[in-house]
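A.B. asks: Take this structure first; my questions come after.
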Amino acid sequence: MRLQSRSRPLGAVIVLVLVIIYLLPAGVLGSDVGNCLLCHKYPGLSRVDENAEMRLLYVNEEIFNNSVHGKVKCEGCHTDITKIPHEPVKPVDCLAVCHIIEPAEEQKFSHKSVEAFLEDSVHGKKDKNGNEKKYSEDMPTCKDCHDNPMFRPLAFVKKVRAGVAEDALGRCRVCHKKEEFIYRFYNHITTRLHKSRSPLNIAQSCARCHDDPKLVARHNLNTRAGFSYGDTYHGKAAKMLDETVPDCLDCHVPKGQSVHQMHGNDDPRATTHPENRGQICSSTDCHPGASVQFANYQVHSEFSKEKSPAVYWFTTFFYILTGGTLLPLMVIMFLDLLRRLFPNATFRRRK
Amino acid sequence: MSEKYPPIKTINGRKYFFRFNMNLRIQHIIFAASIIILVLTGMPLKFSGTPWAPYLYSMFGGIAIAPWVHKISGSIMLIVFVYHIYWCIKIFYNNHILRLKREGKRTIGSVTMAALKLPMIPNLKDAKDIIDLMKYLLYFTNKHPEGDEWTWKEKFDYWAPFWGCFIIGASGIIIWKKELFTQYIPGDLINFCLIAHSDEALLAALFLFIWHWYNVHFSTSVFPMGTVFLTGYLPEDLMIEEHYAHYVRVMKKEGLEDEIQPPHGGHSNPACNLTDEAKNLFSKSKNGSSNDSLQQGGSGI
């Protein structure tokens with residue numbers, strides 16, 4: 001009886017939701033003007049390319065529509081696709097001018113300005129004098145770090161769940177009429193208000209190159225950065241999915257600037273330059289009142305004889321102490337156990 | 001103390017020998033409980049890459065709460081540590097320094113001599129006992145070393161956590177209050193504090209949970225659990241096995257010379273002995289005949 005009386009309103013809700021979804025205008029759910037999904041909606045759609053690699057060409061419409069580029073039409077990025085079947089296509093150029101109008105300036109939108117920032121940073125392909133850097137092909141391009149992330153809405157006060165806050169949307173609806181715009185604008189703002197990735201995720205992204213021993217050696221870097229970060233409390237907490245601990249970007253990106261403006265330790269603009277280092281940790285949100293000496297904590301020290309001999313020998317001392325204490329005791333325990341289990345065994349008896 | 005804690009208690013015809021007073025037992029149990037919590041909340045961070053770490057850590061509230069559980073337990077452990085040192089000094093002052101003062105013999109030499117005779121200080125008898133134990137364990141003799149009131153194992157079990165508490169406690173406080181300490185010390189020292197804290201903690205945890213627990217709980221003479229840390233009194237069998245010299249002394253002092261039992265090693269502790277039948281089976285299948293000289297101490301009672 002109780003079960004029935006409870007299940008009835010729930011059933012009605014499900015029916016209602018299904019009806020609403022069915023009645024939604026197609027435009028709310030996608031921007032597929034070219035009807036690309038006619039083919040690309042099939043999960044098995046794939047081919048083997050010239051390098052004998054399997055290319056999955058399936059697009060999950062639901063995921064794409066909830067991603068930050070959900071409003072951009074397919075042709076907005078895949079500019080060279082004009083006919084079916086497609087000619088061989090070029091990789092997407094993120095710096096292309098897209099078919100979106102940027103609302104503040106009412107110009108066509110572009111990520112072009114990132115290029116200048118990136119070229120000027122430690123990750124640029126050219127050095128200060130405009131000469132090509134050695135191994136410039138290792139330097140990251142947009143898609144090495146960025147994928148097409150999903151919107152990541154905030155969890156507001158009084159709400160435990162992250163997600164769309166209906167009260168907030170209600171306030172938008174007073175003036176804005178277009179439901180799709182409200183939804184997208186809300187998601188854009190709330191996603192941008194915080195980081196779109198967890199510290200662990202960020203560290204893993206950087207580690208794809210910065211933990212690669214070949215790249216670390218070739219570029220003469222001091223450390224496998226993700227690895228040594230993982231040995232600090234920050235890194236360990238990040239592994240426990242703490243979102244409040246600093247990741248790579250919190251220390252390496254200058255305050256008020258973007259990821260694209262990181263600089264090498266020897267560059268006076270770098271946060272990690274010896275002159276600036278003291279200010280990283282003492283930020284109000286982190287360790288207020290921390291001294292410059294505090295910032296000299298070796299975040300990226302490794303157990304390595306060459307790179308940090310003091311750490312190496314100090315750790316080795318504890319290894320020896322641990323082994324030197326425990327091994328003899330374990331031997332005594334083992335002999336003790338044998339002596340108890342075989343009380344009558346002897347060397348002399350064998351004579 | 002002697003009225004409150006008689007040296008020998010007889011319950012149901014079994015003798016129990018006084019070891020630890022209530023104060024020490026409370027110190028020990030708080031210390032032990034705080035260390036177990038410290039290990040459980042610390043190891044998931046030391047081994048944060050392992051699959052079990054997040055599960056164990058979330059049992060203590062995860063990254064938001066477990067660090068505080070760790071800090072509070074650490075504070076409790078350090079309070080017990082400091083109290084213990086204060087307690088030792090107080091007893092030493094009352095029992096030795098005041099006595100020497102009364103006798104008018106309070107010199108640096110006499111105080112040092114008194115300090116060296118404190119129960120936790122290792123002495124030559126301990127070195128001899130270790131050598132004798134090795135002879136016994138390697139079957140060169142069937143005579144288990146006759147331990148004094150406090151054996152080398154107990155002194156080791158005392159000094160290892162003592163040193164550990166000092167190292168882990170000091171480095172832990174520095175890591176906790178790093179903003180304050182780095183006003184005075186270089187930041188690089190935090191690296192060394194972290195290494196010392198976690199590596200020494202691993203050593204301490206392994207030492208306690210393997211060696212200490214083996215000796216006081218898991219060894220065949222004591223299994224499944226030693227009770228002396230709760231009752232303060234050690235059963236006669238264990239007293240004979242580990243502290244025979246002291247056992248004889250106490251029995252004589254109490255006027256129980258007639259009831260002194262023969263010594264026995266762990267291999268022939270009557271409490272954990274095989275039945276005679278099983279023993280015969282075992283020795284027959286091995287040797288066909290039993291060797292009398294090896295049965296010394298034997299099945300005892």
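Identifiers in the structure tokens: chain A, B, ... in order shown; residue index from 1 per chain; ligand index from 1 in order shown.
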Neighbours of segment 306-319 of chain A within 8 Å (only C-alpha atoms; same-chain residues fewer than 2 positions away dropped), as number ranges by chain?

C.D. replies: A: 222, 301-304, 321-323; B: 191-192, 195-196, 199-200

A.B. asks: Any idea which chain B residues end up within 6 Å of chain A if we count only C-alpha atoms, as a VMD selection string please?

C.D. replies: chain B and resid 48 137 139 179 182 to 183 186 to 188 203 267

A.B. asks: Rank A:Gly256, A:Gly170, A:Pro140, A:Gly226 by their smallest atom-to-atom distance to Glu119 of chain A, using only C-alpha atoms, and report the top residue only.

C.D. replies: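 For Glu119 of chain A, the nearest of the candidates is A:Pro140.
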
A.B. asks: Report as a ChimeraX atom specification all protein, DNA and RNA residues lying within 9 Å of segment 55-72 of chain B, evaluated on only C-alpha atoms, omitting residues in the same chain fewer than 2 positions from it.

C.D. replies: /A:237,240-242 /B:34,37-45,51-53,74-77,172,176

A.B. asks: Suppose we keep N, CA and C atoms; can you now write the selection as a PDB file, in the first residue's frame?

C.D. replies:
ATOM      1  N   ALA A 237      47.126  15.595  -1.075  1.00  0.00           N
ATOM      2  CA  ALA A 237      45.730  15.988  -0.852  1.00  0.00           C
ATOM      3  C   ALA A 237      44.976  16.017  -2.185  1.00  0.00           C
ATOM      4  N   MET A 240      43.751  12.817  -3.003  1.00  0.00           N
ATOM      5  CA  MET A 240      42.556  12.490  -2.211  1.00  0.00           C
ATOM      6  C   MET A 240      41.365  13.337  -2.672  1.00  0.00           C
ATOM      7  N   LEU A 241      41.513  13.970  -3.837  1.00  0.00           N
ATOM      8  CA  LEU A 241      40.452  14.739  -4.467  1.00  0.00           C
ATOM      9  C   LEU A 241      40.081  16.002  -3.693  1.00  0.00           C
ATOM     10  N   ASP A 242      41.034  16.553  -2.944  1.00  0.00           N
ATOM     11  CA  ASP A 242      40.800  17.852  -2.321  1.00  0.00           C
ATOM     12  C   ASP A 242      40.838  18.919  -3.413  1.00  0.00           C
TER      13      ASP A 242
ATOM     14  N   SER B  34      46.521   6.786  20.762  1.00  0.00           N
ATOM     15  CA  SER B  34      46.805   7.936  19.904  1.00  0.00           C
ATOM     16  C   SER B  34      47.731   7.521  18.765  1.00  0.00           C
ATOM     17  N   ILE B  37      45.751   5.756  16.005  1.00  0.00           N
ATOM     18  CA  ILE B  37      45.005   6.714  15.177  1.00  0.00           C
ATOM     19  C   ILE B  37      45.969   7.515  14.299  1.00  0.00           C
ATOM     20  N   LEU B  38      47.122   7.879  14.859  1.00  0.00           N
ATOM     21  CA  LEU B  38      48.101   8.636  14.068  1.00  0.00           C
ATOM     22  C   LEU B  38      48.564   7.834  12.857  1.00  0.00           C
ATOM     23  N   VAL B  39      48.805   6.549  13.065  1.00  0.00           N
ATOM     24  CA  VAL B  39      49.266   5.710  11.956  1.00  0.00           C
ATOM     25  C   VAL B  39      48.151   5.579  10.908  1.00  0.00           C
ATOM     26  N   LEU B  40      46.928   5.379  11.386  1.00  0.00           N
ATOM     27  CA  LEU B  40      45.822   5.193  10.441  1.00  0.00           C
ATOM     28  C   LEU B  40      45.520   6.472   9.657  1.00  0.00           C
ATOM     29  N   THR B  41      45.767   7.628  10.256  1.00  0.00           N
ATOM     30  CA  THR B  41      45.494   8.870   9.524  1.00  0.00           C
ATOM     31  C   THR B  41      46.737   9.396   8.817  1.00  0.00           C
ATOM     32  N   GLY B  42      47.890   8.833   9.121  1.00  0.00           N
ATOM     33  CA  GLY B  42      49.114   9.323   8.490  1.00  0.00           C
ATOM     34  C   GLY B  42      49.535   8.489   7.293  1.00  0.00           C
ATOM     35  N   MET B  43      49.415   7.173   7.416  1.00  0.00           N
ATOM     36  CA  MET B  43      49.890   6.296   6.343  1.00  0.00           C
ATOM     37  C   MET B  43      49.150   6.510   5.009  1.00  0.00           C
ATOM     38  N   PRO B  44      47.829   6.778   5.023  1.00  0.00           N
ATOM     39  CA  PRO B  44      47.187   7.025   3.722  1.00  0.00           C
ATOM     40  C   PRO B  44      47.798   8.220   2.997  1.00  0.00           C
ATOM     41  N   LEU B  45      48.360   9.172   3.739  1.00  0.00           N
ATOM     42  CA  LEU B  45      49.019  10.297   3.065  1.00  0.00           C
ATOM     43  C   LEU B  45      50.396   9.880   2.572  1.00  0.00           C
ATOM     44  N   PRO B  51      45.936   2.054  -3.895  1.00  0.00           N
ATOM     45  CA  PRO B  51      44.475   1.963  -4.025  1.00  0.00           C
ATOM     46  C   PRO B  51      43.743   1.992  -2.684  1.00  0.00           C
ATOM     47  N   TRP B  52      44.370   1.521  -1.618  1.00  0.00           N
ATOM     48  CA  TRP B  52      43.639   1.466  -0.342  1.00  0.00           C
ATOM     49  C   TRP B  52      43.595   2.803   0.367  1.00  0.00           C
ATOM     50  N   ALA B  53      44.526   3.707   0.014  1.00  0.00           N
ATOM     51  CA  ALA B  53      44.666   4.939   0.788  1.00  0.00           C
ATOM     52  C   ALA B  53      43.368   5.760   0.882  1.00  0.00           C
ATOM     53  N   GLY B  74      48.063  13.639  17.631  1.00  0.00           N
ATOM     54  CA  GLY B  74      49.478  13.951  17.830  1.00  0.00           C
ATOM     55  C   GLY B  74      49.675  14.791  19.079  1.00  0.00           C
ATOM     56  N   SER B  75      48.766  15.745  19.287  1.00  0.00           N
ATOM     57  CA  SER B  75      48.881  16.577  20.488  1.00  0.00           C
ATOM     58  C   SER B  75      48.718  15.732  21.738  1.00  0.00           C
ATOM     59  N   ILE B  76      47.744  14.810  21.698  1.00  0.00           N
ATOM     60  CA  ILE B  76      47.525  13.947  22.865  1.00  0.00           C
ATOM     61  C   ILE B  76      48.776  13.114  23.133  1.00  0.00           C
ATOM     62  N   MET B  77      49.354  12.564  22.047  1.00  0.00           N
ATOM     63  CA  MET B  77      50.556  11.745  22.199  1.00  0.00           C
ATOM     64  C   MET B  77      51.684  12.565  22.834  1.00  0.00           C
ATOM     65  N   GLY B 172      56.752  17.150  13.563  1.00  0.00           N
ATOM     66  CA  GLY B 172      55.321  17.355  13.364  1.00  0.00           C
ATOM     67  C   GLY B 172      54.892  18.754  13.759  1.00  0.00           C
ATOM     68  N   TRP B 176      53.349  21.534  11.323  1.00  0.00           N
ATOM     69  CA  TRP B 176      52.032  22.089  11.652  1.00  0.00           C
ATOM     70  C   TRP B 176      52.094  23.615  11.657  1.00  0.00           C
TER      71      TRP B 176
END

A.B. asks: So that I can check the secondary structure, give me every residue of segment 173-216 of chain B assigned alpha helix (DSSP H) by backbone DSSP, as a list in words.

C.D. replies: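 Filtering segment 173-216 of chain B down to alpha helix (DSSP H) leaves Ile173, Ile174, Ile175, Trp176, Lys178, Glu179, Leu180, Phe181, Asp188, Leu189, Ile190, Asn191, Phe192, Cys193, Leu194, Ile195, Ala196, His197, Ser198, Asp199, Glu200, Ala201, Leu202, Leu203, Ala204, Ala205, Leu206 and Trp213 of chain B.
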
A.B. asks: Let's have the selection written as a PDB file, in the first residue's frame, with N, CA and C atoms.

C.D. replies:
ATOM      1  N   ILE B 173      55.411  19.250  14.885  1.00  0.00           N
ATOM      2  CA  ILE B 173      55.039  20.605  15.321  1.00  0.00           C
ATOM      3  C   ILE B 173      55.552  21.632  14.311  1.00  0.00           C
ATOM      4  N   ILE B 174      56.780  21.406  13.806  1.00  0.00           N
ATOM      5  CA  ILE B 174      57.327  22.359  12.829  1.00  0.00           C
ATOM      6  C   ILE B 174      56.471  22.364  11.556  1.00  0.00           C
ATOM      7  N   ILE B 175      56.058  21.169  11.105  1.00  0.00           N
ATOM      8  CA  ILE B 175      55.242  21.123   9.889  1.00  0.00           C
ATOM      9  C   ILE B 175      53.876  21.772  10.136  1.00  0.00           C
ATOM     10  N   TRP B 176      53.349  21.534  11.323  1.00  0.00           N
ATOM     11  CA  TRP B 176      52.032  22.089  11.652  1.00  0.00           C
ATOM     12  C   TRP B 176      52.094  23.615  11.657  1.00  0.00           C
ATOM     13  N   LYS B 178      54.283  25.721  10.326  1.00  0.00           N
ATOM     14  CA  LYS B 178      55.392  26.059   9.429  1.00  0.00           C
ATOM     15  C   LYS B 178      55.526  27.560   9.194  1.00  0.00           C
ATOM     16  N   GLU B 179      54.392  28.277   9.150  1.00  0.00           N
ATOM     17  CA  GLU B 179      54.461  29.722   8.921  1.00  0.00           C
ATOM     18  C   GLU B 179      55.250  30.389  10.044  1.00  0.00           C
ATOM     19  N   LEU B 180      55.015  29.933  11.274  1.00  0.00           N
ATOM     20  CA  LEU B 180      55.712  30.507  12.426  1.00  0.00           C
ATOM     21  C   LEU B 180      57.190  30.131  12.404  1.00  0.00           C
ATOM     22  N   PHE B 181      57.472  28.837  12.210  1.00  0.00           N
ATOM     23  CA  PHE B 181      58.860  28.386  12.338  1.00  0.00           C
ATOM     24  C   PHE B 181      59.748  28.941  11.232  1.00  0.00           C
ATOM     25  N   ASP B 188      64.006  25.151   3.524  1.00  0.00           N
ATOM     26  CA  ASP B 188      64.496  23.814   3.157  1.00  0.00           C
ATOM     27  C   ASP B 188      64.350  22.834   4.313  1.00  0.00           C
ATOM     28  N   LEU B 189      64.420  23.363   5.551  1.00  0.00           N
ATOM     29  CA  LEU B 189      64.340  22.469   6.708  1.00  0.00           C
ATOM     30  C   LEU B 189      62.987  21.772   6.778  1.00  0.00           C
ATOM     31  N   ILE B 190      61.949  22.413   6.214  1.00  0.00           N
ATOM     32  CA  ILE B 190      60.622  21.785   6.199  1.00  0.00           C
ATOM     33  C   ILE B 190      60.694  20.473   5.413  1.00  0.00           C
ATOM     34  N   ASN B 191      61.469  20.478   4.316  1.00  0.00           N
ATOM     35  CA  ASN B 191      61.645  19.245   3.553  1.00  0.00           C
ATOM     36  C   ASN B 191      62.182  18.130   4.440  1.00  0.00           C
ATOM     37  N   PHE B 192      63.220  18.491   5.219  1.00  0.00           N
ATOM     38  CA  PHE B 192      63.840  17.468   6.065  1.00  0.00           C
ATOM     39  C   PHE B 192      62.894  17.031   7.181  1.00  0.00           C
ATOM     40  N   CYS B 193      62.111  17.985   7.692  1.00  0.00           N
ATOM     41  CA  CYS B 193      61.131  17.626   8.730  1.00  0.00           C
ATOM     42  C   CYS B 193      60.118  16.629   8.174  1.00  0.00           C
ATOM     43  N   LEU B 194      59.681  16.864   6.934  1.00  0.00           N
ATOM     44  CA  LEU B 194      58.694  15.959   6.337  1.00  0.00           C
ATOM     45  C   LEU B 194      59.275  14.562   6.165  1.00  0.00           C
ATOM     46  N   ILE B 195      60.526  14.502   5.687  1.00  0.00           N
ATOM     47  CA  ILE B 195      61.153  13.195   5.494  1.00  0.00           C
ATOM     48  C   ILE B 195      61.290  12.493   6.837  1.00  0.00           C
ATOM     49  N   ALA B 196      61.816  13.238   7.830  1.00  0.00           N
ATOM     50  CA  ALA B 196      62.019  12.630   9.150  1.00  0.00           C
ATOM     51  C   ALA B 196      60.680  12.180   9.720  1.00  0.00           C
ATOM     52  N   HIS B 197      59.672  13.033   9.601  1.00  0.00           N
ATOM     53  CA  HIS B 197      58.350  12.730  10.169  1.00  0.00           C
ATOM     54  C   HIS B 197      57.799  11.435   9.577  1.00  0.00           C
ATOM     55  N   SER B 198      57.795  11.348   8.260  1.00  0.00           N
ATOM     56  CA  SER B 198      57.114  10.203   7.656  1.00  0.00           C
ATOM     57  C   SER B 198      57.970   8.943   7.705  1.00  0.00           C
ATOM     58  N   ASP B 199      59.289   9.072   7.489  1.00  0.00           N
ATOM     59  CA  ASP B 199      60.117   7.861   7.499  1.00  0.00           C
ATOM     60  C   ASP B 199      60.262   7.295   8.905  1.00  0.00           C
ATOM     61  N   GLU B 200      60.422   8.167   9.883  1.00  0.00           N
ATOM     62  CA  GLU B 200      60.541   7.708  11.263  1.00  0.00           C
ATOM     63  C   GLU B 200      59.204   7.110  11.714  1.00  0.00           C
ATOM     64  N   ALA B 201      58.098   7.673  11.200  1.00  0.00           N
ATOM     65  CA  ALA B 201      56.781   7.151  11.568  1.00  0.00           C
ATOM     66  C   ALA B 201      56.590   5.743  11.019  1.00  0.00           C
ATOM     67  N   LEU B 202      57.080   5.524   9.803  1.00  0.00           N
ATOM     68  CA  LEU B 202      56.963   4.177   9.228  1.00  0.00           C
ATOM     69  C   LEU B 202      57.769   3.183  10.062  1.00  0.00           C
ATOM     70  N   LEU B 203      58.985   3.610  10.427  1.00  0.00           N
ATOM     71  CA  LEU B 203      59.814   2.751  11.276  1.00  0.00           C
ATOM     72  C   LEU B 203      59.097   2.453  12.592  1.00  0.00           C
ATOM     73  N   ALA B 204      58.555   3.494  13.222  1.00  0.00           N
ATOM     74  CA  ALA B 204      57.888   3.318  14.518  1.00  0.00           C
ATOM     75  C   ALA B 204      56.688   2.380  14.374  1.00  0.00           C
ATOM     76  N   ALA B 205      55.900   2.590  13.308  1.00  0.00           N
ATOM     77  CA  ALA B 205      54.699   1.771  13.126  1.00  0.00           C
ATOM     78  C   ALA B 205      55.080   0.312  12.920  1.00  0.00           C
ATOM     79  N   LEU B 206      56.072   0.068  12.053  1.00  0.00           N
ATOM     80  CA  LEU B 206      56.486  -1.312  11.811  1.00  0.00           C
ATOM     81  C   LEU B 206      57.053  -1.925  13.084  1.00  0.00           C
ATOM     82  N   TRP B 213      54.126  -6.004  19.170  1.00  0.00           N
ATOM     83  CA  TRP B 213      52.913  -6.824  19.255  1.00  0.00           C
ATOM     84  C   TRP B 213      53.245  -8.319  19.230  1.00  0.00           C
TER      85      TRP B 213
END

A.B. asks: In Å, with one decimal, what is the gap from atom CA of Leu78 of chain B to atom CA of Gly169 of chain B?

C.D. replies: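 Between these atoms lies a distance of 6.6 Å.
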